[in-house]
$ cat entry-v3.cif   # mmCIF, C-alpha atoms and all ligand atoms
data_work
loop_
_atom_site.label_atom_id
_atom_site.label_comp_id
_atom_site.auth_asym_id
_atom_site.auth_seq_id
_atom_site.Cartn_x
_atom_site.Cartn_y
_atom_site.Cartn_z
CA MET A 792 90.35 20.63 213.30
CA SER A 793 88.73 17.43 212.06
CA ASP A 794 85.90 17.52 209.55
CA PRO A 795 82.59 16.88 211.42
CA ARG A 796 81.32 14.94 208.39
CA THR A 797 83.80 12.16 209.15
CA ASP A 798 82.05 11.48 212.48
CA GLN A 799 78.73 11.46 210.66
CA ILE A 800 79.94 8.94 208.07
CA ARG A 801 81.22 6.64 210.82
CA VAL A 802 77.80 6.80 212.52
CA TYR A 803 76.13 5.92 209.19
CA TYR A 804 78.48 2.96 208.78
CA HIS A 805 77.74 1.57 212.25
CA THR A 806 74.00 2.13 211.84
CA LEU A 807 73.82 0.37 208.49
CA PHE A 808 76.17 -2.46 209.41
CA SER A 809 74.22 -3.14 212.62
CA ALA A 810 70.99 -3.23 210.62
CA TRP A 811 72.13 -5.29 207.65
CA GLY A 812 75.44 -7.00 208.44
CA PRO A 813 78.02 -8.04 205.81
CA GLN A 814 77.05 -7.28 202.23
CA HIS A 815 79.44 -9.71 200.53
CA TRP A 816 80.59 -7.49 197.73
CA TRP A 817 81.86 -8.12 195.06
CA PRO A 818 80.08 -11.31 193.97
CA ALA A 819 82.75 -13.14 191.95
CA HIS A 820 84.92 -16.24 191.79
CA SER A 821 88.12 -14.54 190.66
CA ARG A 822 89.90 -11.20 190.38
CA PHE A 823 89.41 -11.19 186.62
CA GLU A 824 85.68 -11.76 187.03
CA VAL A 825 85.54 -8.63 189.21
CA ILE A 826 87.38 -6.66 186.52
CA VAL A 827 85.07 -7.88 183.75
CA GLY A 828 82.05 -7.11 185.96
CA ALA A 829 83.37 -3.61 186.66
CA TYR A 830 83.55 -2.90 182.92
CA LEU A 831 80.22 -4.51 182.11
CA THR A 832 78.23 -2.80 184.86
CA GLN A 833 78.75 0.63 183.33
CA ASN A 834 75.35 2.03 182.30
CA THR A 835 73.42 -1.16 182.91
CA SER A 836 71.82 -3.22 185.68
CA TRP A 837 73.63 -5.96 187.53
CA THR A 838 71.04 -8.48 186.29
CA ASN A 839 72.18 -7.83 182.72
CA VAL A 840 75.81 -8.10 183.78
CA GLU A 841 75.13 -11.49 185.37
CA LEU A 842 73.67 -12.78 182.09
CA ALA A 843 76.80 -11.70 180.22
CA LEU A 844 79.09 -13.22 182.85
CA ARG A 845 77.12 -16.45 182.65
CA SER A 846 77.61 -16.58 178.86
CA LEU A 847 81.35 -16.02 179.22
CA ARG A 848 81.57 -18.67 181.94
CA ALA A 849 79.56 -21.20 179.90
CA ALA A 850 81.92 -20.63 176.97
CA LYS A 851 84.88 -21.10 179.36
CA LEU A 852 86.16 -17.65 178.43
CA LEU A 853 85.90 -15.81 181.75
CA SER A 854 89.65 -15.56 182.18
CA VAL A 855 92.54 -13.43 180.94
CA ALA A 856 93.54 -16.22 178.53
CA GLY A 857 89.92 -16.59 177.40
CA VAL A 858 89.46 -12.92 176.53
CA ARG A 859 92.94 -12.80 174.98
CA ARG A 860 92.22 -15.60 172.50
CA THR A 861 88.63 -14.64 171.67
CA PRO A 862 88.04 -12.52 168.57
CA VAL A 863 86.30 -9.26 169.43
CA HIS A 864 83.18 -10.09 167.36
CA GLN A 865 82.69 -13.30 169.37
CA LEU A 866 83.19 -11.43 172.63
CA GLU A 867 80.56 -8.91 171.53
CA LYS A 868 78.02 -11.70 171.06
CA LEU A 869 78.75 -13.23 174.45
CA ILE A 870 78.34 -9.97 176.38
CA ARG A 871 75.46 -8.59 174.33
CA SER A 872 73.04 -8.64 177.29
CA ALA A 873 75.19 -6.07 179.15
CA GLY A 874 74.44 -3.35 176.57
CA TYR A 875 77.02 -1.16 174.75
CA PHE A 876 78.49 -4.56 173.92
CA ARG A 877 80.75 -3.39 171.06
CA GLN A 878 82.34 -0.71 173.19
CA LYS A 879 82.68 -3.02 176.20
CA ALA A 880 84.15 -5.92 174.19
CA HIS A 881 86.69 -3.55 172.68
CA ARG A 882 87.60 -2.19 176.13
CA LEU A 883 88.03 -5.66 177.61
CA LYS A 884 90.43 -6.52 174.81
CA LEU A 885 92.31 -3.28 175.50
CA PHE A 886 92.58 -4.16 179.19
CA VAL A 887 94.10 -7.56 178.41
CA ARG A 888 96.51 -5.95 175.96
CA PHE A 889 97.55 -3.47 178.67
CA LEU A 890 98.00 -6.35 181.15
CA ASP A 891 100.16 -8.27 178.66
CA GLU A 892 102.28 -5.30 177.65
CA GLN A 893 102.77 -3.68 181.07
CA HIS A 894 102.62 -6.62 183.48
CA GLY A 895 103.48 -9.74 181.48
CA GLY A 896 99.84 -10.86 181.56
CA SER A 897 99.93 -11.23 185.36
CA LEU A 898 97.21 -9.75 187.58
CA THR A 899 99.38 -10.56 190.60
CA ARG A 900 102.18 -8.42 189.19
CA MET A 901 99.75 -5.64 188.28
CA PHE A 902 98.14 -5.54 191.73
CA ALA A 903 101.53 -5.68 193.50
CA GLN A 904 102.12 -2.05 192.50
CA HIS A 905 101.65 0.91 194.78
CA THR A 906 97.98 1.94 194.88
CA GLU A 907 98.47 5.41 193.38
CA THR A 908 100.71 4.11 190.59
CA LEU A 909 98.21 1.46 189.56
CA ARG A 910 95.30 3.88 189.91
CA GLU A 911 96.97 6.23 187.44
CA GLU A 912 97.63 3.37 185.02
CA LEU A 913 94.01 2.23 185.16
CA LEU A 914 92.65 5.76 184.75
CA ALA A 915 94.77 6.17 181.62
CA LEU A 916 92.98 3.22 179.99
CA HIS A 917 90.16 3.89 177.57
CA GLY A 918 86.77 3.39 179.25
CA ILE A 919 87.98 3.46 182.86
CA GLY A 920 86.78 6.35 185.01
CA PRO A 921 87.38 6.78 188.75
CA GLU A 922 84.49 4.55 189.85
CA THR A 923 85.58 1.64 187.64
CA ALA A 924 89.27 2.08 188.54
CA ASP A 925 88.48 2.13 192.26
CA SER A 926 86.14 -0.86 191.98
CA ILE A 927 88.96 -2.83 190.37
CA LEU A 928 91.48 -1.64 192.97
CA LEU A 929 89.26 -2.35 195.97
CA TYR A 930 87.32 -5.44 194.98
CA ALA A 931 89.79 -7.25 192.72
CA GLY A 932 93.08 -6.05 194.17
CA ASN A 933 92.27 -5.41 197.85
CA HIS A 934 93.76 -1.93 197.65
CA ALA A 935 92.38 0.48 200.25
CA VAL A 936 90.43 2.96 198.11
CA PHE A 937 86.80 3.90 198.60
CA VAL A 938 84.44 3.56 195.63
CA VAL A 939 82.19 6.59 195.14
CA ASP A 940 79.07 6.01 193.08
CA ALA A 941 75.86 7.88 192.27
CA TYR A 942 74.20 6.48 195.41
CA THR A 943 76.97 7.86 197.64
CA ARG A 944 76.63 11.29 196.11
CA ARG A 945 72.83 11.24 196.35
CA VAL A 946 72.73 10.27 200.04
CA LEU A 947 75.33 12.88 200.98
CA GLU A 948 73.61 15.61 198.99
CA ARG A 949 70.20 14.82 200.49
CA HIS A 950 71.74 14.91 203.95
CA GLN A 951 73.36 18.27 203.08
CA MET A 952 76.85 16.92 203.66
CA ILE A 953 78.15 17.90 200.22
CA ALA A 954 77.16 20.50 197.65
CA PRO A 955 76.04 19.43 194.16
CA GLY A 956 79.08 19.16 191.92
CA THR A 957 81.50 18.14 194.70
CA SER A 958 84.35 16.28 193.02
CA TYR A 959 84.77 12.52 193.07
CA GLU A 960 88.16 12.89 194.71
CA GLU A 961 86.86 15.05 197.52
CA ILE A 962 84.14 12.52 198.36
CA ARG A 963 86.58 9.61 198.13
CA LYS A 964 89.04 11.29 200.51
CA LEU A 965 86.24 12.17 202.92
CA PHE A 966 85.13 8.53 203.17
CA GLU A 967 88.67 7.19 203.42
CA GLN A 968 89.45 9.63 206.21
CA ALA A 969 86.17 8.81 207.99
CA LEU A 970 86.36 5.03 207.74
CA SER A 971 90.04 4.30 208.34
CA PRO A 972 89.68 4.61 212.15
CA VAL A 973 86.78 2.13 212.07
CA ALA A 974 89.24 -0.53 210.94
CA GLY A 975 91.39 0.07 214.04
CA ASP A 976 94.96 -1.18 214.46
CA GLY A 977 96.11 1.12 211.66
CA GLY A 978 93.77 -0.78 209.37
CA ASN A 979 96.44 -3.15 208.11
CA SER A 980 95.66 -6.26 210.13
CA GLN A 981 94.35 -9.19 208.09
CA VAL A 982 90.76 -10.23 208.54
CA GLY A 983 88.95 -13.29 207.31
CA PRO A 984 85.36 -13.55 206.20
CA THR A 985 82.81 -11.83 208.42
CA VAL A 986 79.88 -13.76 209.81
CA ALA A 987 76.40 -12.96 208.55
CA PRO A 988 73.86 -11.98 211.22
CA THR A 989 71.15 -14.52 211.92
CA LYS A 990 68.26 -12.08 212.11
CA SER A 991 65.92 -11.86 209.15
CA GLY A 992 64.59 -8.72 207.46
CA PRO A 993 66.05 -6.27 204.93
CA ARG A 994 69.71 -6.84 204.25
CA GLY A 995 70.62 -3.81 202.15
CA SER A 996 72.07 -4.92 198.85
CA SER A 997 73.77 -8.07 200.04
CA HIS A 998 75.00 -10.90 197.85
CA SER A 999 75.60 -14.53 198.71
CA PRO A 1000 79.13 -15.22 199.97
CA SER A 1001 81.57 -15.85 197.11
CA PRO A 1002 85.28 -16.68 196.90
CA MET A 1003 86.11 -13.00 196.33
CA SER A 1004 83.80 -11.64 199.04
CA THR A 1005 85.20 -14.01 201.66
CA ALA A 1006 88.89 -13.64 200.74
CA GLU A 1007 91.31 -12.49 203.42
CA ARG A 1008 91.99 -8.75 203.30
CA THR A 1009 93.06 -5.90 205.56
CA ALA A 1010 90.56 -4.46 208.01
CA ARG A 1011 90.61 -1.12 206.17
CA VAL A 1012 89.82 -2.75 202.84
CA GLN A 1013 87.03 -4.74 204.51
CA VAL A 1014 85.42 -1.60 205.94
CA PHE A 1015 85.63 0.29 202.62
CA ASN A 1016 84.17 -2.79 200.94
CA GLU A 1017 81.24 -3.02 203.36
CA MET A 1018 80.44 0.69 203.33
CA HIS A 1019 80.13 0.80 199.57
CA GLY A 1020 77.79 -2.20 199.62
CA LEU A 1021 75.73 -0.69 202.44
CA ILE A 1022 75.30 2.61 200.59
CA VAL A 1023 74.20 0.74 197.48
CA GLY A 1024 71.59 -0.91 199.73
CA VAL A 1025 70.34 2.50 200.85
CA GLY A 1026 70.24 3.82 197.29
CA LYS A 1027 68.49 0.81 195.78
CA ASN A 1028 65.94 0.25 198.51
CA PHE A 1029 65.18 3.67 199.95
CA CYS A 1030 67.01 6.61 198.40
CA GLN A 1031 66.02 6.26 194.78
CA LYS A 1032 66.48 8.98 192.21
CA SER A 1033 62.81 9.82 191.86
CA GLN A 1034 61.50 8.55 195.18
CA MET A 1035 62.69 8.69 198.78
CA ARG A 1036 61.34 6.18 201.30
CA CYS A 1037 62.76 7.91 204.35
CA GLU A 1038 60.18 6.41 206.72
CA GLN A 1039 61.68 2.94 206.27
CA CYS A 1040 65.31 3.99 205.82
CA PRO A 1041 67.82 3.30 208.62
CA LEU A 1042 69.37 6.73 207.99
CA GLN A 1043 66.13 8.65 208.51
CA LYS A 1044 67.07 9.78 212.02
CA TYR A 1045 70.14 11.56 210.60
CA LEU A 1046 68.24 13.62 208.03
CA PRO A 1047 68.82 17.34 208.65
CA GLY A 1048 66.05 18.66 210.84
CA LYS A 1049 65.24 15.24 212.35
CA SER A 1050 67.52 15.26 215.37
S1 LIG U 1101 65.90 7.71 201.85
FE1 LIG U 1101 65.73 9.54 203.10
S2 LIG U 1101 66.66 8.98 205.05
FE2 LIG U 1101 67.33 7.46 203.56
S3 LIG U 1101 69.26 8.23 202.80
FE3 LIG U 1101 67.69 8.98 201.42
S4 LIG U 1101 67.17 11.01 202.17
FE4 LIG U 1101 68.26 9.93 203.82
#
$ encode --input "entry-v3.cif" --output "structure tokens"
Amino acid sequence: MSDPRTDQIRVYYHTLFSAWGPQHWWPAHSRFEVIVGAYLTQNTSWTNVELALRSLRAAKLLSVAGVRRTPVHQLEKLIRSAGYFRQKAHRLKLFVRFLDEQHGGSLTRMFAQHTETLREELLALHGIGPETADSILLYAGNHAVFVVDAYTRRVLERHQMIAPGTSYEEIRKLFEQALSPVAGDGGNSQVGPTVAPTKSGPRGSSHSPSPMSTAERTARVQVFNEMHGLIVGVGKNFCQKSQMRCEQCPLQKYLPGKS
């Protein structure tokens, strides 16, 4: 028997996508920029991450070669705005060392691995938890994994779809099972960039189109990509930690007791 929550998640996806359209995640020019962003965004706001990325870009160091040749103390200065800068600079250097030692310094070779194999490798690295590993896999590598974040957990808990303390893996599997049929055609057909809707109004948590957000990818990866961005839009705009603005939220009609 299929899990009724998968139908619910599909309805949420269609509701949010119809309301807000493509979210254009992850905003980046390259795969390495996504990876650096995934490290830097831990425990800080995206605005602070953008400042750090801008510093690295201005110094022409936002590349594997750039991080490889930069002494850690210089890297710390450049990413200071992202907070926990010593820890994050050290972890970025560790990532590049891992890439050099395990994959000859090639992101293409690293991402060519089977999803589960690479996921295990990433999770074994210092400073990479499931959310960071899956962000790298999905947004930099176009691997079909769903990224679960605090917003995902909060929305599901408030809609009584999961109990507090439900594991990351259980939530990830639930979303992957729910959203794979949305992609259709087995989910492996290639899709190009999606077209932004013309209507104005709230757009969730959308970014401007970027080379990474408009890259060709499978339909399944595209749907996982969009759903994560859409949930971030719900969490940031309506379903905040200390305040719920259900009256304006597109998911209000699905709140338990509302239908
Ligand atoms: S703001 Fe309200 S309606 Fe929207 S997701 Fe949160 S609990 Fe549900």
$ residues_near_ligand --input "entry-v3.cif" --ligand "ligand LIG 1101 (chain U)" --cutoff "7 Å" --atoms "all atoms listed in the file" --output "PyMOL selection string"
chain A and resi 946+949-950+1025+1029-1030+1035-1037+1040-1043+1046
$ closest_residue --input "entry-v3.cif" --among "A:Pro862, A:Leu965, A:Glu907, A:Tyr830" --to "Phe886 (chain A)" --atoms "only C-alpha atoms"
A:Tyr830
$ atom_distance --input "entry-v3.cif" --atom1 "CA of Asp891 (chain A)" --atom2 "CA of Leu928 (chain A)"
18.0 Å
$ residues_around --input "entry-v3.cif" --residues "Ile953 (chain A)" --least-positions-apart "5" --cutoff "10 Å" --atoms "only C-alpha atoms" --output "PyMOL selection string"
chain A and resi 796+944-948+958+961-962
$ closest_residue --input "entry-v3.cif" --among "A:Ser926, A:Asn839, A:Gln893, A:Asn933" --to "Leu869 (chain A)" --atoms "all atoms listed in the file"
A:Asn839
$ atom_distance --input "entry-v3.cif" --atom1 "CA of Tyr875 (chain A)" --atom2 "CA of Ala829 (chain A)"
13.7 Å
$ atom_distance --input "entry-v3.cif" --atom1 "CA of Lys884 (chain A)" --atom2 "CA of Val1023 (chain A)"
28.8 Å
$ residues_around --input "entry-v3.cif" --residues "region 912-914 of chain A" --least-positions-apart "4" --cutoff "12 Å" --atoms "all atoms listed in the file" --output "compact mmCIF listing (two decimals) with C-alpha atoms, in the coordinates of the input"
# COMPACT_ATOMS: atom_id res chain seq x y z
CA ILE A 826 87.38 -6.66 186.52
CA TYR A 830 83.55 -2.90 182.92
CA ARG A 882 87.60 -2.19 176.13
CA LEU A 885 92.31 -3.28 175.50
CA PHE A 886 92.58 -4.16 179.19
CA VAL A 887 94.10 -7.56 178.41
CA PHE A 889 97.55 -3.47 178.67
CA LEU A 890 98.00 -6.35 181.15
CA GLN A 893 102.77 -3.68 181.07
CA HIS A 894 102.62 -6.62 183.48
CA MET A 901 99.75 -5.64 188.28
CA PHE A 902 98.14 -5.54 191.73
CA GLN A 904 102.12 -2.05 192.50
CA HIS A 905 101.65 0.91 194.78
CA THR A 906 97.98 1.94 194.88
CA GLU A 907 98.47 5.41 193.38
CA THR A 908 100.71 4.11 190.59
CA GLY A 918 86.77 3.39 179.25
CA ILE A 919 87.98 3.46 182.86
CA GLY A 920 86.78 6.35 185.01
CA PRO A 921 87.38 6.78 188.75
CA GLU A 922 84.49 4.55 189.85
CA THR A 923 85.58 1.64 187.64
CA ALA A 924 89.27 2.08 188.54
CA ASP A 925 88.48 2.13 192.26
CA SER A 926 86.14 -0.86 191.98
CA ILE A 927 88.96 -2.83 190.37
CA LEU A 928 91.48 -1.64 192.97
$ closest_residue --input "entry-v3.cif" --among "A:Ser971, A:Ser854, A:Gln865, A:Ser809" --to "Gly896 (chain A)" --atoms "all atoms listed in the file"
A:Ser854
$ residues_around --input "entry-v3.cif" --residues "Lys1032 (chain A)" --least-positions-apart "4" --cutoff "10 Å" --atoms "all atoms listed in the file" --output "PDB file with C-alpha atoms, in the coordinates of the input"
ATOM      1  CA  ALA A 941      75.860   7.880 192.270  1.00  0.00           C
ATOM      2  CA  TYR A 942      74.200   6.480 195.410  1.00  0.00           C
ATOM      3  CA  ARG A 945      72.830  11.240 196.350  1.00  0.00           C
ATOM      4  CA  GLY A1026      70.240   3.820 197.290  1.00  0.00           C
ATOM      5  CA  LYS A1027      68.490   0.810 195.780  1.00  0.00           C
TER       6      LYS A1027
END
$ residues_around --input "entry-v3.cif" --residues "Tyr803 (chain A)" --least-positions-apart "2" --cutoff "9 Å" --atoms "all atoms listed in the file" --output "list in words"
Asp798, Gln799, Ile800, Arg801, His805, Thr806, Leu807, Phe808, Met1018, Pro1041, Leu1042 and Tyr1045 of chain A
$ closest_residue --input "entry-v3.cif" --among "A:Thr832, A:Gln814, A:Gln1013, A:Ser897" --to "Leu929 (chain A)" --atoms "only C-alpha atoms"
A:Gln1013
$ closest_residue --input "entry-v3.cif" --among "A:Ile1022, A:Ala935, A:Ala880, A:Leu831" --to "Thr1009 (chain A)" --atoms "only C-alpha atoms"
A:Ala935
$ residues_around --input "entry-v3.cif" --residues "Ala843 (chain A)" --least-positions-apart "2" --cutoff "12 Å" --atoms "all atoms listed in the file" --output "PyMOL selection string"
chain A and resi 824+827-828+830-832+835-841+845-850+852-853+866-876+879-880
$ closest_residue --input "entry-v3.cif" --among "A:Val936, A:Met792, A:Ala856, A:Leu970" --to "Leu883 (chain A)" --atoms "only C-alpha atoms"
A:Ala856
$ build_atoms --input "entry-v3.cif" --residues "region 1006-1019 of chain A" --atoms "N, CA and C atoms" --output "PDB file, in the coordinates of the input"
ATOM      1  N   ALA A1006      87.417 -13.558 200.745  1.00  0.00           N
ATOM      2  CA  ALA A1006      88.890 -13.640 200.740  1.00  0.00           C
ATOM      3  C   ALA A1006      89.470 -12.832 201.900  1.00  0.00           C
ATOM      4  N   GLU A1007      90.654 -13.235 202.338  1.00  0.00           N
ATOM      5  CA  GLU A1007      91.310 -12.490 203.420  1.00  0.00           C
ATOM      6  C   GLU A1007      91.771 -11.131 202.899  1.00  0.00           C
ATOM      7  N   ARG A1008      91.600 -10.099 203.711  1.00  0.00           N
ATOM      8  CA  ARG A1008      91.990  -8.750 203.300  1.00  0.00           C
ATOM      9  C   ARG A1008      92.266  -7.927 204.551  1.00  0.00           C
ATOM     10  N   THR A1009      92.802  -6.729 204.372  1.00  0.00           N
ATOM     11  CA  THR A1009      93.060  -5.900 205.560  1.00  0.00           C
ATOM     12  C   THR A1009      91.734  -5.371 206.107  1.00  0.00           C
ATOM     13  N   ALA A1010      91.772  -4.982 207.376  1.00  0.00           N
ATOM     14  CA  ALA A1010      90.560  -4.460 208.010  1.00  0.00           C
ATOM     15  C   ALA A1010      90.076  -3.193 207.301  1.00  0.00           C
ATOM     16  N   ARG A1011      91.020  -2.356 206.846  1.00  0.00           N
ATOM     17  CA  ARG A1011      90.610  -1.120 206.170  1.00  0.00           C
ATOM     18  C   ARG A1011      89.891  -1.436 204.859  1.00  0.00           C
ATOM     19  N   VAL A1012      90.455  -2.363 204.108  1.00  0.00           N
ATOM     20  CA  VAL A1012      89.820  -2.750 202.840  1.00  0.00           C
ATOM     21  C   VAL A1012      88.428  -3.329 203.113  1.00  0.00           C
ATOM     22  N   GLN A1013      88.328  -4.132 204.169  1.00  0.00           N
ATOM     23  CA  GLN A1013      87.030  -4.740 204.510  1.00  0.00           C
ATOM     24  C   GLN A1013      85.976  -3.667 204.815  1.00  0.00           C
ATOM     25  N   VAL A1014      86.376  -2.649 205.571  1.00  0.00           N
ATOM     26  CA  VAL A1014      85.420  -1.600 205.940  1.00  0.00           C
ATOM     27  C   VAL A1014      85.011  -0.780 204.705  1.00  0.00           C
ATOM     28  N   PHE A1015      85.969  -0.458 203.844  1.00  0.00           N
ATOM     29  CA  PHE A1015      85.630   0.290 202.620  1.00  0.00           C
ATOM     30  C   PHE A1015      84.673  -0.549 201.756  1.00  0.00           C
ATOM     31  N   ASN A1016      84.983  -1.834 201.693  1.00  0.00           N
ATOM     32  CA  ASN A1016      84.170  -2.790 200.940  1.00  0.00           C
ATOM     33  C   ASN A1016      82.732  -2.786 201.457  1.00  0.00           C
ATOM     34  N   GLU A1017      82.592  -2.953 202.766  1.00  0.00           N
ATOM     35  CA  GLU A1017      81.240  -3.020 203.360  1.00  0.00           C
ATOM     36  C   GLU A1017      80.481  -1.713 203.166  1.00  0.00           C
ATOM     37  N   MET A1018      81.150  -0.582 203.389  1.00  0.00           N
ATOM     38  CA  MET A1018      80.440   0.690 203.330  1.00  0.00           C
ATOM     39  C   MET A1018      79.883   0.953 201.934  1.00  0.00           C
ATOM     40  N   HIS A1019      80.651   0.613 200.921  1.00  0.00           N
ATOM     41  CA  HIS A1019      80.130   0.800 199.570  1.00  0.00           C
ATOM     42  C   HIS A1019      78.883  -0.044 199.352  1.00  0.00           C
TER      43      HIS A1019
END
